[in-house]
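A quick write-up on the structure given underneath.
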Amino acid sequence: MFPRNCWYVAAMAHEVSDALFPRTLLNEPVLLFRRQDGSAAAIENRCSHRRVSLHLGKRVGDHVQCGYHGLEFDGSGQCVRIPNQERIPPKACVKAYPLVERDGFLWIWMGDKALAAQTPVPDFSAVCSSPAYVGRRGDALRVEAPYTYNLENVMDLSHVSYAHQQTVGTQDVAETRPRTTVSAHGVEVHREWERTEAAPVFKRLFGWSETRRTQTIRFWPGANIQLDISSQPVGNTDPALVRNIRVVGPCTPETEGTHLKFSTMYRDFALDDADITQRLADAFLVTLHEDKVLMENQWRNVLADGAGAPMVDIAVDQAPLATRRMLQKMALAESQGQGQAQP
Amino acid sequence: MFPRNCWYVAAMAHEVSDALFPRTLLNEPVLLFRRQDGSAAAIENRCSHRRVSLHLGKRVGDHVQCGYHGLEFDGSGQCVRIPNQERIPPKACVKAYPLVERDGFLWIWMGDKALAAQTPVPDFSAVCSSPAYVGRRGDALRVEAPYTYNLENVMDLSHVSYAHQQTVGTQDVAETRPRTTVSAHGVEVHREWERTEAAPVFKRLFGWSETRRTQTIRFWPGANIQLDISSQPVGNTDPALVRNIRVVGPCTPETEGTHLKFSTMYRDFALDDADITQRLADAFLVTLHEDKVLMENQWRNVLADGAGAPMVDIAVDQAPLATRRMLQKMALAESQGQGQAQP
Amino acid sequence: MFPRNCWYVAAMAHEVSDALFPRTLLNEPVLLFRRQDGSAAAIENRCSHRRVSLHLGKRVGDHVQCGYHGLEFDGSGQCVRIPNQERIPPKACVKAYPLVERDGFLWIWMGDKALAAQTPVPDFSAVCSSPAYVGRRGDALRVEAPYTYNLENVMDLSHVSYAHQQTVGTQDVAETRPRTTVSAHGVEVHREWERTEAAPVFKRLFGWSETRRTQTIRFWPGANIQLDISSQPVGNTDPALVRNIRVVGPCTPETEGTHLKFSTMYRDFALDDADITQRLADAFLVTLHEDKVLMENQWRNVLADGAGAPMVDIAVDQAPLATRRMLQKMALAESQGQGQAQP
């Protein structure tokens, strides 16, 4: 259904503290928490004894104590205590998952552990860890649709012209056929305009009516998205007047029919302007929820209408279809025992 | 499950305006709307591209624009525009349904289109389009039970003696065996009394205690019901003193387990009395909801208890059973490729 | 799934009056009510005619009248009236269940009727019908987990050390391995301490910090639990200073995945102290709901993870496993036609 041999975002780093934080990822119940030294851990959110969720228990030092019968586990999944019993059977341990904190994300590996070390963690440092950019990170947005719907949504931005007319949509996006580049490593979609209508949110923020603009969307596996938008005055030649927006948007399958979206909009201008931060974050949230409504409606309809219900592909589907095929190929290779690290 | 080669009510005419009005009918998602000239149209409520519901989009002239990627459809289901693409493939169209506006109803044909023209639209004009009658039309009532439960409910009015004691029920109805007439065209049930207790609502409205009364219920396919009740003083011979109530009550399957009920109570007396209109409509609504509770309970129990759970037929089931058999015969004939127009 | 040839609690006696009281028991819809002479009856909560729930109808003398078409039934399940029909077919009757009122419970027999008379009704009279004890009886608590989860919960009280730290839990319970006795008639678990920490609720009520204490839990089929706790000052030899708590806790399967818990805490001290009654009842309710959360979480996880998901047994599971095995053996014997009366 989805490739497992990839790094996925388990949570925004700020979502996880010393509290017990439960989350379903790739159909598995995961418990996230930080040890006393601040390092984050991810273990199975099921007591090995009677399958009670461990997040109903509590922290005892760096251990998690089950809230039912008191078994304790450490961040590596080892069972370290069974009340009134000296021998701890090896099968009393729970799963643990490799977890890496980077760029404000907690990246989890839920596939073949032997492949984790040789697979680089996705790198968003040029934006997320750069002082040149600012953005207000939110929590995960849960969407009741497959994660591929989100990838296909972003890889075909023609939808902004219809779904997001109040915030980022202008008619030119849908009317301009993009340049799509498919490689072994991912898919890239590019549009540019020497003169085009400014996005509604830019009209409101800066009084712009027209702009010179480029739009580049990149996908690479597991489920990583970066969207770069540059805007400048029409005919401009001064690099200082270029304004860049970058949307960092990895997502993670929760189940076959739901996903978590970790999207943040960054900018490289007016870094200290809290009002602009607020207004851009608000507009972005509106946009995310407009997409959520459409994706969830599509998924409900697909479930209701059955697998045989037709879908007609159109010209602008080139990038979404390439994205979907790349993931299907990876999932197929894994199911055939050729669990390759992600490209 | 249900015959398709019948005219069914898609909506009360007043429910549909230039807005995009979604409704599930016979298990299919239907979009209803009026064109700029006021004519109503019914098309599939699914974009052919990614199956998003078209009612999430908007009207553009007489076209419906999908809210996701901007495809446009006209009232005949033709896809008339795909952004950034010149050729529109024929399979990009969506289904359209014959729709006739008559007697305050929008009648839809969801079966074999070749049979629509030769099948007369049900005619309630003698009541609904007559100046002799007045009634307050409401919206559809959605009931979570098969539409046959509603037909069987109405074709055996003995239930009013138990279910509707606050409004229209008197003991005499259940105690009087009706005359039932089954023909190729439908089923009719008739009771009459020279002297009987007046219905509670008539007691309250007119101070009557007894009345001379007739009660006639007619069913004819697809799912049409008319109930005629005449009341007059005991021993009366003056036609001017006869008061007629007519309930026009077609219903439509939404799914196998739900239906929509389009019931209106009309009268031929005190036409201008808004207070009586209000009080009769209120009493009628109470009655409809009492039936809704019983039908939904019955259906939940049947689903929970399983298909093999026994039901004992009793004497008063003659008309409900005849109605059910007529519909089963029609559905069977259709499933065997003998799609006949309704009788 | 569960043995049927046992007496189960259908309701607390005070839950059932002359009103029509519906309850699902062992997957069957049951209607409970009292006749005019105060005796309680249990019949199938389905009209034989159209399967409407009889509790939607009303009482007519000692009969239950269906609220849809007026069929009437007596407390033995006989159909005693069909409107407008003289002959009442035998198959129009509904099921009836042996019902015995005892110790404040209504005990129902839902298995092979031939075995009911030879099976003694569970006897809680030493507590429930004794003037030496007082307790505040509540209504049934519905728990969305199999009834065996409740039995296993109570038969392993080590969980109080983790789940009920605010009310009855102290660390000593989990740390003390109990003496478990399994016989053909049931399972008994016993712990005792010459000096141990007093339960939090006793600390609050009586200012105790330590206590001499015994704890005995007994299970016997169908689903009967009694928990006896005696507390006295450390080193005490005066029988008058012994304080006894007895929890009477039968439960009943509602469906395979839900049960009803009829738990009451009794005491033999401060019988007239309404404040203590209230505070003990409050603390007990907190405890019951802490268990409900854990059992429902366990069941949801088991359903979600599938039958093959592992569970590791630990030392303290001896009594729960013996309880489960006894019930499985009884259910198996019944399914093989060896419907024995309960031991």
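Simple scheme: letters A, B, ... for chains in structure tokens order, numbers from 1 for residues in each chain, numbers from 1 for ligands in the order shown.
Any residue of chain A with an atom within 8 Å of chain B counts; using only C-alpha atoms, that gives A:Ser158, A:His159, A:Ser161, A:Tyr162, A:Ala163, A:Ala174, A:Glu175, A:Thr176, A:Arg177, A:Leu294, A:Asn297, A:Gln298, A:Asn301, A:Val302, A:Pro310, A:Met311, A:Val312, A:Asp313, A:Ile314, A:Ala315, A:Val316.
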Give me the residues within 12 Å of Gly257 (chain A) as an MDAnalysis selection string, counting only C-alpha atoms and dropping any in the same chain fewer than 6 places off. chainID A and resid 1:2 25:27 142:150 295:296 298:300 302:303
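For region 185-197 of chain A, the list of residues within 7 Å, based on only C-alpha atoms and with local chain neighbours fewer than 6 positions off taken out, reads A:Thr170, A:Pro178, A:Arg179, A:Ser209, A:Glu210, A:Thr211, A:Arg212, A:Arg213, A:Thr214, A:Gln215, A:Thr216, A:Ile217, A:Arg218, A:Phe219, A:Trp220, A:Pro221, A:Val234, A:Ala319, A:Thr323, A:Pro343.
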Name all residues at most 7 Å from Ala283 (chain A) (count only C-alpha atoms; drop same-chain ones fewer than 4 positions away) and give them as a VMD selection string. chain A and resid 167 279 287
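If you count only C-alpha atoms and ignore residues fewer than 5 places along the chain from Cys251 (chain C), what sits within 10 Å of it is Tyr8, Val9, Ala10, Ala11, Ala140, Leu141, Arg142, Tyr147, Thr148, Asn150, Leu151, Gly222, Ala223, Asn224, Ile225, His259, Leu260, Lys261, Phe262 and Ser263 of chain C.
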Strand (DSSP E) positions in region 46-214 of chain A, given as an mmCIF file with N, CA, C and O atoms, in the first residue's frame:
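Writing done, so here's states37.cif:
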data_model
loop_
_atom_site.group_PDB
_atom_site.id
_atom_site.type_symbol
_atom_site.label_atom_id
_atom_site.label_comp_id
_atom_site.auth_asym_id
_atom_site.auth_seq_id
_atom_site.Cartn_x
_atom_site.Cartn_y
_atom_site.Cartn_z
ATOM 1 N N LYS A 58 2.205 6.093 32.537
ATOM 2 C CA LYS A 58 2.939 7.304 32.900
ATOM 3 C C LYS A 58 4.439 7.075 32.776
ATOM 4 O O LYS A 58 4.900 5.947 32.609
ATOM 5 N N ARG A 59 5.181 8.181 32.817
ATOM 6 C CA ARG A 59 6.631 8.122 32.790
ATOM 7 C C ARG A 59 7.162 7.825 34.183
ATOM 8 O O ARG A 59 6.705 8.414 35.169
ATOM 9 N N VAL A 60 8.113 6.907 34.267
ATOM 10 C CA VAL A 60 8.857 6.675 35.509
ATOM 11 C C VAL A 60 10.327 6.785 35.127
ATOM 12 O O VAL A 60 10.901 5.856 34.570
ATOM 13 N N HIS A 63 11.559 5.495 31.767
ATOM 14 C CA HIS A 63 10.742 4.343 31.391
ATOM 15 C C HIS A 63 9.278 4.732 31.263
ATOM 16 O O HIS A 63 8.830 5.729 31.813
ATOM 17 N N VAL A 64 8.568 3.918 30.513
ATOM 18 C CA VAL A 64 7.124 4.087 30.378
ATOM 19 C C VAL A 64 6.468 2.957 31.167
ATOM 20 O O VAL A 64 6.761 1.782 30.928
ATOM 21 N N GLN A 65 5.607 3.318 32.107
ATOM 22 C CA GLN A 65 4.944 2.315 32.935
ATOM 23 C C GLN A 65 3.509 2.125 32.440
ATOM 24 O O GLN A 65 2.742 3.093 32.349
ATOM 25 N N GLU A 72 7.030 -2.100 32.725
ATOM 26 C CA GLU A 72 7.782 -0.911 32.323
ATOM 27 C C GLU A 72 8.672 -1.206 31.117
ATOM 28 O O GLU A 72 9.222 -2.293 30.989
ATOM 29 N N PHE A 73 8.787 -0.207 30.250
ATOM 30 C CA PHE A 73 9.548 -0.321 29.005
ATOM 31 C C PHE A 73 10.469 0.879 28.865
ATOM 32 O O PHE A 73 10.117 1.982 29.282
ATOM 33 N N CYS A 79 11.461 -4.518 27.814
ATOM 34 C CA CYS A 79 10.670 -4.574 29.037
ATOM 35 C C CYS A 79 11.663 -4.646 30.197
ATOM 36 O O CYS A 79 12.466 -5.588 30.272
ATOM 37 N N VAL A 80 11.632 -3.666 31.071
ATOM 38 C CA VAL A 80 12.635 -3.572 32.128
ATOM 39 C C VAL A 80 12.078 -3.920 33.503
ATOM 40 O O VAL A 80 12.811 -3.987 34.480
ATOM 41 N N ARG A 81 10.754 -4.155 33.572
ATOM 42 C CA ARG A 81 10.188 -4.543 34.874
ATOM 43 C C ARG A 81 8.806 -5.160 34.685
ATOM 44 O O ARG A 81 7.975 -4.657 33.924
ATOM 45 N N LEU A 99 14.637 6.783 15.177
ATOM 46 C CA LEU A 99 14.035 8.113 15.189
ATOM 47 C C LEU A 99 15.147 9.148 15.137
ATOM 48 O O LEU A 99 16.099 9.073 15.905
ATOM 49 N N VAL A 100 15.038 10.101 14.230
ATOM 50 C CA VAL A 100 16.063 11.135 14.072
ATOM 51 C C VAL A 100 15.392 12.499 14.138
ATOM 52 O O VAL A 100 14.396 12.741 13.459
ATOM 53 N N GLU A 101 15.947 13.382 14.957
ATOM 54 C CA GLU A 101 15.406 14.739 15.042
ATOM 55 C C GLU A 101 16.226 15.641 14.131
ATOM 56 O O GLU A 101 17.460 15.719 14.245
ATOM 57 N N ARG A 102 15.559 16.328 13.227
ATOM 58 C CA ARG A 102 16.285 17.147 12.248
ATOM 59 C C ARG A 102 15.316 18.164 11.635
ATOM 60 O O ARG A 102 14.201 17.817 11.252
ATOM 61 N N PHE A 105 11.734 18.352 12.664
ATOM 62 C CA PHE A 105 10.910 17.152 12.497
ATOM 63 C C PHE A 105 11.506 15.987 13.283
ATOM 64 O O PHE A 105 12.719 15.920 13.472
ATOM 65 N N LEU A 106 10.639 15.053 13.697
ATOM 66 C CA LEU A 106 11.102 13.756 14.180
ATOM 67 C C LEU A 106 10.856 12.761 13.055
ATOM 68 O O LEU A 106 9.699 12.473 12.705
ATOM 69 N N TRP A 107 11.946 12.271 12.467
ATOM 70 C CA TRP A 107 11.861 11.337 11.334
ATOM 71 C C TRP A 107 11.905 9.908 11.851
ATOM 72 O O TRP A 107 12.793 9.546 12.612
ATOM 73 N N ILE A 108 10.964 9.093 11.406
ATOM 74 C CA ILE A 108 10.868 7.718 11.889
ATOM 75 C C ILE A 108 11.122 6.748 10.737
ATOM 76 O O ILE A 108 10.784 7.040 9.579
ATOM 77 N N TRP A 109 11.696 5.595 11.060
ATOM 78 C CA TRP A 109 11.931 4.538 10.078
ATOM 79 C C TRP A 109 11.116 3.325 10.506
ATOM 80 O O TRP A 109 11.354 2.742 11.551
ATOM 81 N N VAL A 134 11.709 32.403 7.878
ATOM 82 C CA VAL A 134 10.880 32.361 9.081
ATOM 83 C C VAL A 134 9.503 31.821 8.704
ATOM 84 O O VAL A 134 9.027 32.035 7.580
ATOM 85 N N GLY A 135 8.902 31.094 9.626
ATOM 86 C CA GLY A 135 7.557 30.568 9.380
ATOM 87 C C GLY A 135 6.995 30.102 10.703
ATOM 88 O O GLY A 135 7.754 29.850 11.649
ATOM 89 N N LEU A 141 -1.750 18.177 10.605
ATOM 90 C CA LEU A 141 -3.152 18.236 10.185
ATOM 91 C C LEU A 141 -3.550 16.837 9.733
ATOM 92 O O LEU A 141 -2.924 16.262 8.833
ATOM 93 N N ARG A 142 -4.591 16.295 10.352
ATOM 94 C CA ARG A 142 -5.034 14.949 10.005
ATOM 95 C C ARG A 142 -6.076 15.032 8.892
ATOM 96 O O ARG A 142 -7.047 15.780 8.990
ATOM 97 N N VAL A 143 -5.866 14.274 7.847
ATOM 98 C CA VAL A 143 -6.780 14.299 6.703
ATOM 99 C C VAL A 143 -7.287 12.880 6.447
ATOM 100 O O VAL A 143 -6.497 11.937 6.398
ATOM 101 N N ARG A 179 6.086 22.877 -16.906
ATOM 102 C CA ARG A 179 7.146 21.992 -17.375
ATOM 103 C C ARG A 179 7.364 20.932 -16.300
ATOM 104 O O ARG A 179 7.633 21.267 -15.142
ATOM 105 N N THR A 180 7.180 19.677 -16.642
ATOM 106 C CA THR A 180 7.269 18.589 -15.666
ATOM 107 C C THR A 180 8.515 17.764 -15.936
ATOM 108 O O THR A 180 8.761 17.368 -17.074
ATOM 109 N N THR A 181 9.310 17.518 -14.895
ATOM 110 C CA THR A 181 10.537 16.737 -15.025
ATOM 111 C C THR A 181 10.467 15.542 -14.100
ATOM 112 O O THR A 181 10.318 15.692 -12.885
ATOM 113 N N VAL A 182 10.539 14.354 -14.689
ATOM 114 C CA VAL A 182 10.487 13.132 -13.893
ATOM 115 C C VAL A 182 11.860 12.474 -13.928
ATOM 116 O O VAL A 182 12.418 12.267 -15.002
ATOM 117 N N VAL A 187 9.980 14.047 -8.776
ATOM 118 C CA VAL A 187 9.218 14.734 -9.813
ATOM 119 C C VAL A 187 9.273 16.224 -9.516
ATOM 120 O O VAL A 187 9.173 16.637 -8.353
ATOM 121 N N GLU A 188 9.458 17.019 -10.572
ATOM 122 C CA GLU A 188 9.490 18.467 -10.386
ATOM 123 C C GLU A 188 8.570 19.138 -11.396
ATOM 124 O O GLU A 188 8.524 18.739 -12.560
ATOM 125 N N VAL A 189 7.849 20.133 -10.949
ATOM 126 C CA VAL A 189 6.905 20.865 -11.797
ATOM 127 C C VAL A 189 7.251 22.347 -11.719
ATOM 128 O O VAL A 189 7.434 22.884 -10.620
ATOM 129 N N HIS A 190 7.330 22.996 -12.875
ATOM 130 C CA HIS A 190 7.753 24.397 -12.885
ATOM 131 C C HIS A 190 6.849 25.241 -13.798
ATOM 132 O O HIS A 190 6.521 24.839 -14.902
ATOM 133 N N ARG A 191 6.474 26.403 -13.284
ATOM 134 C CA ARG A 191 5.785 27.405 -14.100
ATOM 135 C C ARG A 191 6.457 28.747 -13.832
ATOM 136 O O ARG A 191 6.936 29.001 -12.724
ATOM 137 N N GLU A 192 6.457 29.610 -14.862
ATOM 138 C CA GLU A 192 6.924 30.975 -14.585
ATOM 139 C C GLU A 192 6.219 31.968 -15.481
ATOM 140 O O GLU A 192 5.754 31.629 -16.570
ATOM 141 N N TRP A 193 6.107 33.190 -14.985
ATOM 142 C CA TRP A 193 5.417 34.266 -15.694
ATOM 143 C C TRP A 193 6.231 35.547 -15.561
ATOM 144 O O TRP A 193 6.668 35.899 -14.459
ATOM 145 N N GLU A 194 6.414 36.228 -16.673
ATOM 146 C CA GLU A 194 7.055 37.559 -16.628
ATOM 147 C C GLU A 194 6.104 38.588 -16.025
ATOM 148 O O GLU A 194 6.525 39.528 -15.351
ATOM 149 N N ARG A 195 4.806 38.370 -16.265
ATOM 150 C CA ARG A 195 3.809 39.312 -15.749
ATOM 151 C C ARG A 195 2.524 38.519 -15.512
ATOM 152 O O ARG A 195 1.961 37.956 -16.461
ATOM 153 N N THR A 196 2.087 38.498 -14.305
ATOM 154 C CA THR A 196 0.846 37.771 -14.023
ATOM 155 C C THR A 196 0.144 38.420 -12.832
ATOM 156 O O THR A 196 0.734 39.218 -12.096
ATOM 157 N N GLU A 197 -1.100 38.057 -12.669
ATOM 158 C CA GLU A 197 -1.881 38.596 -11.557
ATOM 159 C C GLU A 197 -1.255 38.124 -10.229
ATOM 160 O O GLU A 197 -0.852 36.970 -10.100
ATOM 161 N N GLU A 210 0.075 43.101 -10.011
ATOM 162 C CA GLU A 210 0.743 42.161 -10.915
ATOM 163 C C GLU A 210 2.143 41.862 -10.385
ATOM 164 O O GLU A 210 2.682 42.607 -9.540
ATOM 165 N N THR A 211 2.717 40.771 -10.878
ATOM 166 C CA THR A 211 4.017 40.348 -10.365
ATOM 167 C C THR A 211 4.736 39.512 -11.411
ATOM 168 O O THR A 211 4.103 38.955 -12.318
ATOM 169 N N ARG A 212 6.042 39.460 -11.288
ATOM 170 C CA ARG A 212 6.824 38.469 -12.030
ATOM 171 C C ARG A 212 6.993 37.289 -11.064
ATOM 172 O O ARG A 212 7.324 37.486 -9.901
ATOM 173 N N ARG A 213 6.799 36.090 -11.556
ATOM 174 C CA ARG A 213 6.628 34.999 -10.605
ATOM 175 C C ARG A 213 7.150 33.670 -11.150
ATOM 176 O O ARG A 213 7.005 33.381 -12.330
ATOM 177 N N THR A 214 7.750 32.872 -10.262
ATOM 178 C CA THR A 214 8.052 31.475 -10.609
ATOM 179 C C THR A 214 7.460 30.567 -9.534
ATOM 180 O O THR A 214 7.282 30.987 -8.380
#
Check region 201-320 of chain A with DSSP on the backbone and list each residue it calls alpha helix (DSSP H), as a CSV table (one decimal) with C-alpha atoms, in the first residue's frame.
chain,number,residue,atom,x,y,z
A,201,VAL,CA,-3.0,37.2,-0.2
A,202,PHE,CA,-0.1,39.3,-1.8
A,203,LYS,CA,-2.6,41.8,-3.1
A,204,ARG,CA,-3.9,42.3,0.5
A,205,LEU,CA,-0.5,42.3,2.2
A,206,PHE,CA,1.5,44.4,-0.2
A,274,ALA,CA,4.8,39.3,13.5
A,275,ASP,CA,1.7,40.7,11.8
A,276,ILE,CA,2.8,39.3,8.4
A,277,THR,CA,3.7,36.0,10.1
A,278,GLN,CA,0.2,35.8,11.5
A,279,ARG,CA,-1.6,36.8,8.4
A,280,LEU,CA,0.3,34.4,6.2
A,281,ALA,CA,-0.2,31.6,8.6
A,282,ASP,CA,-3.9,32.3,8.8
A,283,ALA,CA,-4.2,32.3,5.0
A,284,PHE,CA,-2.2,29.1,4.7
A,285,LEU,CA,-4.4,27.4,7.3
A,286,VAL,CA,-7.5,28.4,5.2
A,287,THR,CA,-5.8,26.9,2.2
A,288,LEU,CA,-4.9,23.6,4.0
A,289,HIS,CA,-8.5,23.2,5.1
A,290,GLU,CA,-9.9,23.9,1.7
A,291,ASP,CA,-7.7,21.0,0.4
A,292,LYS,CA,-8.8,18.8,3.3
A,293,VAL,CA,-12.4,19.2,2.4
A,294,LEU,CA,-11.8,18.3,-1.2
A,295,MET,CA,-9.5,15.3,-0.5
A,296,GLU,CA,-11.9,13.9,2.1
A,297,ASN,CA,-14.8,14.3,-0.2
A,298,GLN,CA,-12.9,12.6,-3.0
A,299,TRP,CA,-12.0,9.7,-0.7
A,300,ARG,CA,-15.5,9.3,0.7
A,301,ASN,CA,-16.8,9.2,-2.9
A,302,VAL,CA,-14.2,6.6,-4.0
A,303,LEU,CA,-15.1,4.4,-1.1
A,304,ALA,CA,-18.8,4.8,-1.7
A,305,ASP,CA,-18.6,4.3,-5.5
A,318,GLN,CA,1.2,14.3,-15.7
A,319,ALA,CA,3.1,15.1,-12.5
A,320,PRO,CA,0.5,13.5,-10.1
